[in-house]
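What follows is my_file19.cif (mmCIF, C-alpha atoms).
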```
data_entry
#
loop_
_atom_site.label_atom_id
_atom_site.label_comp_id
_atom_site.auth_asym_id
_atom_site.auth_seq_id
_atom_site.Cartn_x
_atom_site.Cartn_y
_atom_site.Cartn_z
CA MET D 1 8.17 21.17 14.23
CA CYS D 2 8.18 19.89 10.67
CA LEU D 3 9.52 23.14 9.28
CA VAL D 4 12.40 23.08 11.74
CA ALA D 5 13.35 19.60 10.55
CA ILE D 6 14.40 20.94 7.17
CA ALA D 7 15.12 24.57 7.96
CA ALA D 8 18.77 24.03 7.08
CA ILE D 9 17.96 23.93 3.38
CA ALA D 10 15.34 26.67 3.48
CA GLN D 11 17.71 29.23 1.87
CA GLN D 12 19.56 26.78 -0.39
CA LYS D 13 19.61 28.01 -3.97
CA ALA D 14 18.28 25.53 -6.51
CA GLU D 15 20.81 24.94 -9.28
CA ILE D 16 18.65 22.64 -11.37
CA GLU D 17 14.94 21.91 -11.80
CA VAL D 18 13.84 18.67 -13.44
CA SER D 19 10.29 17.51 -14.16
CA TYR D 20 9.58 13.77 -14.09
CA THR D 21 6.68 11.53 -14.97
CA GLU D 22 6.29 8.73 -12.45
CA HIS D 23 4.70 5.45 -13.59
CA GLN D 24 3.34 2.85 -11.18
CA PRO D 25 0.85 -0.04 -11.42
CA ASN D 26 -2.86 0.36 -10.90
CA MET D 27 -3.36 -1.76 -7.77
CA ARG D 28 -7.06 -2.17 -8.50
CA THR D 29 -6.86 -3.39 -12.11
CA GLY D 30 -3.33 -4.82 -12.03
CA GLU D 31 -2.41 -2.80 -15.13
CA LYS D 32 1.30 -2.00 -15.32
CA ASN D 33 2.08 1.71 -15.64
CA GLY D 34 -1.63 2.31 -15.11
CA VAL D 35 -1.06 5.35 -12.87
CA THR D 36 1.08 8.38 -13.64
CA HIS D 37 2.05 11.40 -11.55
CA GLN D 38 4.04 14.55 -12.27
CA TYR D 39 6.91 15.40 -9.92
CA ILE D 40 9.58 18.11 -9.71
CA LEU D 41 13.14 17.77 -8.46
CA LEU D 42 14.85 20.90 -7.13
CA ALA D 43 18.54 20.34 -6.39
CA GLY D 44 21.30 22.62 -5.20
CA GLY D 45 24.65 21.78 -3.67
CA GLU D 46 24.10 18.40 -2.02
CA ASP D 47 20.50 19.08 -1.00
CA SER D 48 17.29 18.43 -2.91
CA LYS D 49 13.51 18.30 -2.75
CA PHE D 50 11.34 15.90 -4.78
CA PHE D 51 7.63 16.76 -4.78
CA SER D 52 4.41 17.20 -6.74
CA PRO D 53 3.61 20.88 -7.40
CA ARG D 54 -0.13 20.19 -7.48
CA THR D 55 -0.01 18.34 -4.17
CA GLU D 56 2.11 21.08 -2.61
CA TYR D 57 -0.42 23.67 -3.77
CA ILE D 58 -3.29 21.81 -2.06
CA ASP D 59 -1.22 21.24 1.08
CA SER D 60 -0.34 24.94 1.16
CA LEU D 61 -4.05 25.81 1.01
CA ASN D 62 -4.90 23.35 3.79
CA SER D 63 -2.10 24.63 6.04
CA THR D 64 -4.09 27.69 7.14
CA PRO D 65 -7.76 28.32 8.00
CA GLU D 66 -7.99 30.90 5.22
CA GLY D 67 -6.51 28.48 2.73
CA LYS D 68 -8.91 25.70 3.75
CA ALA D 69 -11.85 28.05 3.24
CA LYS D 70 -10.55 28.97 -0.21
CA TYR D 71 -10.07 25.30 -1.14
CA GLN D 72 -13.60 24.42 0.01
CA GLU D 73 -15.04 27.34 -1.96
CA MET D 74 -13.13 26.33 -5.11
CA THR D 75 -14.41 22.76 -4.76
CA ARG D 76 -17.97 23.92 -4.11
CA SER D 77 -17.97 26.28 -7.10
CA ALA D 78 -16.65 23.58 -9.40
CA TYR D 79 -19.33 21.13 -8.24
CA LEU D 80 -22.16 23.64 -8.63
CA GLY D 81 -20.87 24.72 -12.02
CA GLY D 82 -20.50 21.17 -13.26
CA LYS D 83 -16.79 21.76 -13.90
CA MET D 84 -15.39 18.70 -12.17
CA ASP D 85 -12.00 19.10 -13.85
CA ASP D 86 -11.54 22.44 -12.07
CA ILE D 87 -11.51 20.80 -8.62
CA PRO D 88 -7.95 21.01 -7.22
CA ARG D 89 -6.66 17.46 -6.84
CA ALA D 90 -3.44 16.07 -5.47
CA ASP D 91 -1.14 14.40 -7.98
CA GLY D 92 1.11 12.03 -6.07
CA SER D 93 1.22 11.90 -2.32
CA TYR D 94 4.79 12.14 -1.13
CA TYR D 95 7.69 14.55 -0.66
CA VAL D 96 11.33 13.51 -0.27
CA VAL D 97 13.64 16.18 1.17
CA LYS D 98 17.39 15.50 1.26
CA ASN D 99 19.56 17.24 3.84
CA ALA D 100 23.17 16.24 3.23
CA THR D 101 24.42 18.16 6.28
CA ASP D 102 22.48 15.84 8.57
CA ASN D 103 22.89 12.89 6.18
CA LYS D 104 19.17 12.16 6.16
CA TYR D 105 15.99 12.15 4.13
CA THR D 106 12.77 13.57 5.55
CA CYS D 107 9.85 11.89 3.81
CA TYR D 108 6.25 13.09 3.93
CA ASP D 109 3.34 10.93 2.81
CA THR D 110 -0.34 10.23 3.42
CA ALA D 111 -2.37 7.21 4.51
CA GLY D 112 -5.93 8.04 3.53
CA THR D 113 -6.53 11.46 5.03
CA GLU D 114 -3.87 11.08 7.75
CA LYS D 115 -0.54 12.72 6.98
CA PHE D 116 2.73 11.49 8.43
CA TYR D 117 6.47 11.89 8.03
CA TYR D 118 9.57 9.91 8.87
CA GLU D 119 13.32 10.33 8.68
CA GLU D 120 16.01 7.95 7.48
CA GLU D 121 19.72 8.09 6.78
CA ILE D 122 20.64 8.76 3.17
CA PRO D 123 21.22 5.29 1.71
CA GLN D 124 24.30 4.40 -0.30
CA PRO D 125 23.27 1.82 -2.92
CA LYS D 126 26.10 -0.21 -4.43
CA TRP D 127 25.74 1.00 -7.99
CA GLU D 128 27.39 -0.95 -10.80
CA VAL D 129 28.02 1.27 -13.83
CA ARG D 130 27.67 -0.53 -17.17
CA ASP D 131 28.79 0.22 -20.71
CA SER D 132 25.40 1.09 -22.21
CA THR D 133 24.67 4.71 -23.11
CA LYS D 134 21.77 6.67 -24.53
CA THR D 135 20.71 10.28 -24.99
CA ILE D 136 17.98 11.80 -22.80
CA LEU D 137 16.90 15.42 -23.28
CA GLY D 138 20.07 15.99 -25.29
CA TYR D 139 22.42 14.68 -22.58
CA GLU D 140 24.56 11.55 -22.92
CA CYS D 141 23.60 9.17 -20.13
CA PHE D 142 25.18 6.05 -18.67
CA VAL D 143 23.35 3.21 -16.96
CA ALA D 144 23.96 1.87 -13.46
CA THR D 145 22.17 -0.90 -11.58
CA ALA D 146 21.71 -1.73 -7.89
CA ASP D 147 19.39 -3.43 -5.43
CA PHE D 148 17.51 -0.77 -3.52
CA HIS D 149 14.58 -1.06 -1.10
CA GLY D 150 13.82 -4.62 -2.14
CA ARG D 151 13.91 -4.01 -5.92
CA LYS D 152 16.53 -4.03 -8.64
CA TRP D 153 16.79 -0.56 -10.15
CA SER D 154 18.44 0.66 -13.34
CA VAL D 155 19.17 4.40 -13.53
CA TRP D 156 20.40 6.55 -16.42
CA PHE D 157 22.56 9.45 -15.29
CA THR D 158 24.52 12.17 -17.03
CA PRO D 159 27.96 13.32 -15.81
CA GLU D 160 27.38 16.49 -17.85
CA ILE D 161 25.26 17.73 -14.94
CA PRO D 162 27.40 16.97 -11.84
CA VAL D 163 24.54 17.00 -9.36
CA VAL D 164 24.24 13.97 -7.07
CA ALA D 165 20.45 13.72 -7.12
CA GLY D 166 17.54 12.01 -8.80
CA PRO D 167 13.86 11.14 -8.48
CA TRP D 168 12.43 9.75 -5.23
CA LYS D 169 15.36 8.49 -3.06
CA LEU D 170 17.56 7.48 -5.98
CA GLN D 171 21.01 9.07 -5.88
CA GLY D 172 24.67 8.19 -5.39
CA VAL D 173 25.89 8.05 -9.01
CA PRO D 174 28.30 10.64 -10.48
CA GLY D 175 25.69 12.77 -12.18
CA LEU D 176 22.03 13.73 -12.36
CA ILE D 177 19.63 10.80 -12.80
CA LEU D 178 17.25 11.46 -15.70
CA GLU D 179 15.56 8.05 -15.94
CA ALA D 180 15.02 5.11 -13.60
CA ALA D 181 13.04 1.87 -13.67
CA THR D 182 12.66 -1.34 -11.71
CA GLU D 183 13.63 -4.62 -13.33
CA ASP D 184 10.02 -5.85 -13.25
CA GLY D 185 8.83 -2.71 -15.07
CA LEU D 186 6.31 -1.79 -12.37
CA TYR D 187 7.85 1.52 -11.30
CA SER D 188 9.70 4.13 -13.32
CA PHE D 189 10.63 7.80 -13.52
CA VAL D 190 11.30 9.59 -16.81
CA ALA D 191 12.59 13.17 -17.04
CA ASP D 192 10.66 15.27 -19.55
CA GLY D 193 12.00 18.74 -18.83
CA ILE D 194 15.04 20.45 -17.33
CA GLN D 195 15.97 24.06 -16.61
CA GLN D 196 18.06 26.32 -14.39
CA PRO D 197 15.57 28.02 -12.05
CA ASP D 198 15.76 31.27 -10.17
CA LYS D 199 14.35 29.97 -6.91
CA ASN D 200 15.29 28.58 -3.53
CA ILE D 201 14.57 25.13 -2.16
CA HIS D 202 11.81 25.99 0.30
CA PRO D 203 10.70 23.71 3.13
CA SER D 204 7.82 21.36 2.41
CA ILE D 205 4.37 22.29 3.60
CA CYS D 206 3.64 20.34 6.78
CA PRO D 207 0.04 20.75 7.98
CA ALA D 208 -0.64 20.78 11.70
CA ASN D 209 -2.18 17.29 11.65
CA THR D 210 0.98 15.66 10.29
CA VAL D 211 2.30 13.03 12.70
CA LYS D 212 5.52 11.10 13.06
CA PRO D 213 4.73 7.41 13.65
CA THR D 214 5.92 6.49 17.15
CA GLU D 215 4.78 4.25 19.99
CA SER D 216 3.08 7.25 21.56
CA ASN D 217 0.78 7.59 18.54
CA SER D 218 -0.75 4.17 19.14
CA SER D 219 -2.96 5.44 21.95
CA ARG D 220 -3.74 8.81 20.37
CA PRO D 221 -7.54 9.35 20.62
CA SER D 222 -9.53 10.03 17.47
CA ALA D 223 -11.89 12.96 17.20
CA VAL D 224 -14.39 11.04 15.09
CA SER D 225 -17.01 8.44 15.93
CA LEU D 226 -15.59 4.97 15.42
CA THR D 227 -17.16 1.53 15.07
CA THR D 228 -15.97 -1.41 17.16
CA LEU D 229 -15.69 -4.85 15.57
CA SER D 230 -16.27 -8.00 17.58
CA ALA D 231 -17.78 -10.82 15.53
CA LYS D 232 -15.78 -13.34 13.52
CA SER D 233 -16.37 -13.64 9.79
CA MET D 234 -18.03 -16.83 8.60
CA HIS D 235 -15.15 -17.90 6.38
CA SER D 236 -12.64 -17.47 9.23
CA LEU D 237 -14.77 -19.82 11.32
CA VAL D 238 -14.63 -22.35 8.51
CA ASP D 239 -10.86 -21.95 8.35
CA GLU D 240 -10.69 -22.77 12.07
CA GLU D 241 -12.99 -25.81 11.86
CA LEU D 242 -11.44 -27.29 8.73
CA PRO D 243 -8.31 -28.63 10.47
CA LEU D 244 -10.55 -30.53 12.91
CA VAL D 245 -12.21 -32.36 10.03
CA MET D 246 -8.83 -33.04 8.45
CA SER D 247 -7.54 -34.58 11.67
CA ALA D 248 -10.69 -36.73 11.97
CA ILE D 249 -10.14 -38.41 8.61
CA LYS D 250 -6.34 -38.50 9.22
CA MET D 251 -4.53 -40.02 6.24
CA VAL D 252 -7.62 -40.68 4.11
CA ASN D 253 -7.77 -38.56 0.94
CA PRO D 254 -11.44 -37.46 0.68
CA TRP D 255 -11.10 -36.52 -2.98
CA SER D 256 -10.29 -40.17 -3.83
CA VAL D 257 -13.76 -41.25 -2.68
CA SER D 258 -16.27 -41.26 -5.53
CA MET D 259 -19.59 -40.22 -4.04
CA SER D 260 -21.49 -41.87 -6.92
CA HIS D 261 -19.96 -45.22 -5.96
CA ALA D 262 -20.14 -44.83 -2.19
CA LYS D 263 -22.18 -47.43 -0.35
CA PRO D 264 -25.55 -46.32 1.09
CA LEU D 265 -25.34 -45.16 4.69
CA ILE D 266 -27.93 -47.65 6.07
CA SER D 267 -30.35 -49.94 4.22
CA SER D 268 -33.00 -51.58 6.43
CA LYS D 269 -33.15 -54.61 4.14
CA GLN D 270 -29.43 -55.30 4.50
CA ILE D 271 -29.04 -54.88 8.22
CA THR D 272 -28.03 -58.13 9.87
CA ASP D 273 -26.29 -59.04 13.08
CA GLN D 274 -23.19 -59.95 11.09
CA ASN D 275 -22.62 -56.58 9.31
CA ASP D 276 -23.95 -54.04 11.84
CA SER D 277 -20.47 -52.91 12.84
CA LYS D 278 -19.31 -52.61 9.24
CA ILE D 279 -22.30 -50.50 8.22
CA ASN D 280 -21.95 -48.26 11.28
CA PHE D 281 -18.30 -47.65 10.41
CA MET D 282 -19.20 -46.76 6.81
CA ALA D 283 -21.96 -44.48 8.05
CA ARG D 284 -19.59 -42.59 10.32
CA PHE D 285 -16.93 -42.38 7.62
CA SER D 286 -19.40 -41.18 4.97
CA CYS D 287 -20.74 -38.52 7.33
CA ILE D 288 -17.23 -37.21 7.86
CA VAL D 289 -16.61 -37.08 4.10
CA ILE D 290 -19.95 -35.39 3.45
CA MET D 291 -19.22 -32.86 6.19
CA PHE D 292 -15.82 -32.11 4.71
CA VAL D 293 -17.16 -31.70 1.17
CA THR D 294 -20.02 -29.53 2.44
CA LEU D 295 -17.66 -27.25 4.31
CA CYS D 296 -15.43 -26.91 1.25
CA GLY D 297 -18.39 -26.34 -1.04
CA CYS D 298 -19.96 -23.73 1.20
CA SER D 299 -16.73 -21.82 1.66
CA THR D 300 -15.66 -20.66 -1.75
CA ARG D 301 -13.51 -18.04 -0.06
CA ARG D 302 -10.50 -19.77 1.43
CA LEU D 303 -8.83 -16.55 2.65
CA ALA D 304 -9.90 -14.47 5.60
CA ASN D 305 -10.46 -10.81 4.73
CA GLY D 306 -7.47 -8.84 5.97
CA TRP D 307 -3.93 -7.67 5.25
CA TYR D 308 -1.47 -10.01 3.50
CA PRO D 309 2.06 -9.77 2.06
CA VAL D 310 1.70 -9.27 -1.71
CA ALA D 311 4.28 -9.94 -4.44
CA ASP D 312 4.63 -7.99 -7.67
CA THR D 313 4.78 -11.04 -9.91
CA PRO D 314 2.49 -12.68 -10.70
CA ASP D 315 0.50 -9.48 -10.38
CA ASN D 316 -0.77 -9.00 -6.81
CA HIS D 317 0.14 -12.56 -5.84
CA ILE D 318 -0.48 -13.25 -2.14
CA GLU D 319 2.76 -14.73 -0.89
CA GLY D 320 2.11 -15.59 2.73
CA LYS D 321 -0.29 -15.93 5.63
CA ALA D 322 -2.46 -13.08 6.83
CA ILE D 323 -0.64 -10.41 8.82
CA VAL D 324 -3.90 -9.38 10.48
CA THR D 325 -7.52 -10.16 9.62
CA VAL D 326 -10.69 -8.15 10.04
CA LYS D 327 -11.31 -9.77 13.41
CA ASP D 328 -8.18 -7.91 14.58
CA PHE D 329 -9.68 -4.51 13.66
CA ASP D 330 -10.57 -2.37 16.67
CA THR D 331 -12.06 0.76 15.07
CA THR D 332 -12.94 1.91 11.56
CA ARG D 333 -14.19 5.12 9.98
CA LEU D 334 -15.62 5.70 6.50
CA ASP D 335 -14.63 8.78 4.48
CA THR D 336 -16.22 9.39 1.09
CA VAL D 337 -16.03 13.21 0.95
CA SER D 338 -12.44 14.33 1.59
CA TYR D 339 -11.39 13.39 -1.95
CA PRO D 340 -13.98 13.39 -4.74
CA ASP D 341 -12.47 10.46 -6.64
CA VAL D 342 -11.52 8.13 -3.80
CA ALA D 343 -13.26 6.58 -0.79
CA PHE D 344 -11.38 5.58 2.36
CA ILE D 345 -11.76 3.32 5.34
CA GLU D 346 -9.45 4.44 8.11
CA GLY D 347 -8.89 2.00 10.93
CA ARG D 348 -6.89 1.00 13.96
CA LEU D 349 -5.94 -2.48 15.16
CA LYS D 350 -6.59 -3.99 18.56
CA VAL D 351 -3.88 -3.26 21.10
CA ASP D 352 -2.43 -6.77 21.05
CA LYS D 353 -2.02 -6.62 17.26
CA VAL D 354 -0.19 -3.28 17.16
CA PRO D 355 3.27 -4.89 17.71
CA VAL D 356 2.46 -7.49 15.02
CA TRP D 357 1.61 -4.72 12.54
CA ALA D 358 4.73 -2.74 13.47
CA LYS D 359 7.04 -5.71 12.90
CA ALA D 360 5.29 -6.75 9.69
CA THR D 361 5.54 -3.27 8.18
CA GLU D 362 9.20 -3.02 9.16
CA ASP D 363 9.95 -6.39 7.57
CA ARG D 364 8.12 -5.35 4.38
CA ILE D 365 9.79 -1.96 3.79
CA GLY D 366 10.31 -1.63 0.05
CA LYS D 367 7.71 -4.33 -0.60
CA ARG D 368 3.92 -4.37 -0.58
CA ASN D 369 1.15 -5.35 1.80
CA GLY D 370 -2.33 -5.75 0.36
CA PHE D 371 -5.85 -5.73 1.74
CA VAL D 372 -7.77 -8.79 0.58
CA PHE D 373 -11.57 -8.87 0.38
CA LYS D 374 -13.45 -11.86 -1.02
CA ASP D 375 -10.19 -13.38 -2.26
CA SER D 376 -9.28 -10.28 -4.31
CA VAL D 377 -6.54 -7.75 -3.59
CA VAL D 378 -8.33 -4.40 -3.25
CA MET D 379 -5.16 -2.32 -2.91
CA ALA D 380 -1.51 -3.09 -2.20
CA PRO D 381 0.60 -0.03 -1.34
CA SER D 382 4.36 -0.12 -0.98
CA VAL D 383 5.57 -0.04 2.62
CA ASN D 384 7.82 2.95 3.29
CA CYS D 385 8.34 2.73 7.03
CA ARG D 386 7.57 0.86 10.25
CA ILE D 387 4.02 1.73 11.37
CA GLU D 388 3.86 1.64 15.14
CA SER D 389 0.50 3.33 15.58
CA GLY D 390 -1.56 0.31 14.50
CA CYS D 391 -3.31 2.48 11.92
CA PHE D 392 -4.16 1.52 8.35
CA THR D 393 -6.15 2.82 5.38
CA ILE D 394 -8.14 0.95 2.75
CA ASN D 395 -8.94 3.05 -0.32
CA SER D 396 -10.22 2.67 -3.84
CA GLU D 397 -11.70 4.72 -6.67
CA ASP D 398 -14.55 2.18 -6.59
CA LYS D 399 -16.66 3.77 -3.87
CA ASN D 400 -19.26 1.02 -4.06
CA LEU D 401 -16.59 -1.53 -3.22
CA ILE D 402 -15.39 0.51 -0.23
CA LEU D 403 -18.99 0.82 0.97
CA GLU D 404 -19.45 -2.94 0.63
CA ILE D 405 -16.29 -3.56 2.66
CA TYR D 406 -17.30 -1.04 5.31
CA ASN D 407 -20.82 -2.47 5.59
CA SER D 408 -19.40 -5.98 5.98
CA LEU D 409 -17.25 -4.72 8.87
CA ASN D 410 -20.16 -2.83 10.35
CA ASN D 411 -22.49 -5.84 10.16
CA LYS D 412 -19.99 -7.99 12.01
CA ALA D 413 -19.88 -5.47 14.82
CA LYS D 414 -23.63 -5.72 15.45
#
```

Write out the structure in this file as structure tokens.
Amino acid sequence: MCLVAIAAIAQQKAEIEVSYTEHQPNMRTGEKNGVTHQYILLAGGEDSKFFSPRTEYIDSLNSTPEGKAKYQEMTRSAYLGGKMDDIPRADGSYYVVKNATDNKYTCYDTAGTEKFYYEEEIPQPKWEVRDSTKTILGYECFVATADFHGRKWSVWFTPEIPVVAGPWKLQGVPGLILEAATEDGLYSFVADGIQQPDKNIHPSICPANTVKPTESNSSRPSAVSLTTLSAKSMHSLVDEELPLVMSAIKMVNPWSVSMSHAKPLISSKQITDQNDSKINFMARFSCIVIMFVTLCGCSTRRLANGWYPVADTPDNHIEGKAIVTVKDFDTTRLDTVSYPDVAFIEGRLKVDKVPVWAKATEDRIGKRNGFVFKDSVVMAPSVNCRIESGCFTINSEDKNLILEIYNSLNNKAK
């Protein structure tokens, strides 16, 4: 099915091949340009394919039983021989295939170990060409700017190569795009090689387990054992009780009360018929204040663990209320073996939260949603499409952190 989707360009001759280095932030450390990937653009006529050769090689192996066996043997041999660098690893996760005849992009990506694809019409950004020029790989390039997928992009293109193409989904200027960057400096593509190849633009490898997110996927059964969550987290309970305390003290500002100067709750030597009511009032008021301060002091985490909208600046800044919290998780599965360097938690939301997740991901296309654990953003991927299946993935190179998160979810389910 996936091969048919782009069969129209299967025999298209590639007129140009460009290698790019992609830079993006490290979502774990917050370091700008902390992650790099190598991509290739093949373009011919009005069609193109943007992909990682290393990722395509691994996907090609995993597309057949024989290839999977070969990949597992290569990984095993590298482990046993202590040659960890020889293990085949993906380098970048996505493919972008442009089919001008159908006026659409077909985009392939991964969420943890689950592969998916989606289609969208080829966008037409409103590029504004400016006067600045510079030379890239020996070609004179002009700069153009536009708002695209929620970010302001600047691209450098050369009319000397009249190919309407570029890295990722960037295109629409009168020439090949050799460099591109967002205004905030978080994402960029830089061409570092160019040649005229003798090859066709072949369809992307689409393994059998690749799915297209639709409503029908939301009830798709999983073949693995999953854990059900039911208990509320302690800090979410505090978040629910805190408004009750706030309403009890109404307009009184508790932080204006100096506890060192507060009157004693009850002193047996001072109790008289005349001041009983006054002392009882102060006792009740002081108890409320103490309760409030105790709750605040015991809950150093003010955010419920879960998914939140995240802004780029300041780095990984949480910019809104929780989209869903861990109490909305229905099932989770831990994966620490599929990729040697990364651990995953794959999960699915409760049925009543699936529409919430679908709308939130649609509203955040081109922006980022982040998973927050103990008030820290663990990872914050860019949203590329509406996710109607209710599925999500939490991943990190810090396997101990992923295990801690998974155990916290597991403990709440007991």

Measure the distance from atom CA of Phe142 of chain D to atom CA of Lys98 of chain D in Å and round it to one decimal. 23.4 Å

Just give me the gap between atom CA of Gln24 of chain D and atom CA of Tyr187 of chain D in Å, one decimal is fine. 4.7 Å

Could you please determine the separation between atom CA of Leu41 of chain D and atom CA of Lys68 of chain D in Å, to one decimal place?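 Going from atom CA of Leu41 of chain D over to atom CA of Lys68 of chain D, I get 26.4 Å.
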
Name the closest residue to Thr110 of chain D among the candidates D:Gly92, D:Pro123, D:Pro65, D:Gly150; distances are taken between atoms, counting only C-alpha atoms.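 Using only C-alpha atoms, the shortest distance to Thr110 of chain D belongs to D:Gly92.
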
What would the selection look like, as a ChimeraX atom specification, if the PyMOL selection byres ((chain D and resi 53) around 12) were run on the coordinates I just shared? /D:19-20,37-42,49-52,54-60,88-95,204-205

Tell me which of D:Asn384, D:Thr331, D:Asn26, D:Thr106 sits closest to Asn316 of chain D, counting all atoms listed in the file.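 Going through D:Asn384, D:Thr331, D:Asn26, D:Thr106 one by one, the smallest distance to Asn316 of chain D is for D:Asn26.
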
Identify, on the basis of all atoms listed in the file, every residue whose closest approach to segment 130-137 of chain D does not exceed 9 Å; exclude the query and any residue fewer than 6 positions from it along the same chain; express the result as a ChimeraX atom specification. /D:143-145,156,158,178-179,191-194

Could you dump the residues just selected with C-alpha atoms as a PDB file, keeping the file's coordinate frame?
```pdb
ATOM      1  CA  VAL D 143      23.350   3.210 -16.960  1.00  0.00           C
ATOM      2  CA  ALA D 144      23.960   1.870 -13.460  1.00  0.00           C
ATOM      3  CA  THR D 145      22.170  -0.900 -11.580  1.00  0.00           C
ATOM      4  CA  TRP D 156      20.400   6.550 -16.420  1.00  0.00           C
ATOM      5  CA  THR D 158      24.520  12.170 -17.030  1.00  0.00           C
ATOM      6  CA  LEU D 178      17.250  11.460 -15.700  1.00  0.00           C
ATOM      7  CA  GLU D 179      15.560   8.050 -15.940  1.00  0.00           C
ATOM      8  CA  ALA D 191      12.590  13.170 -17.040  1.00  0.00           C
ATOM      9  CA  ASP D 192      10.660  15.270 -19.550  1.00  0.00           C
ATOM     10  CA  GLY D 193      12.000  18.740 -18.830  1.00  0.00           C
ATOM     11  CA  ILE D 194      15.040  20.450 -17.330  1.00  0.00           C
TER      12      ILE D 194
END
```

My list of candidates is D:Arg302, D:Arg348, D:Val342, D:Asn62. Which is closest to Lys115 of chain D when distances are computed with all atoms listed in the file?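 Looking at the shortest contact to Lys115 of chain D, the residue is D:Asn62.
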
Given the PyMOL selection byres ((chain D and resi 195) around 8), the residues it picks as a PyMOL selection string: chain D and resi 16-18+193-194+196-197
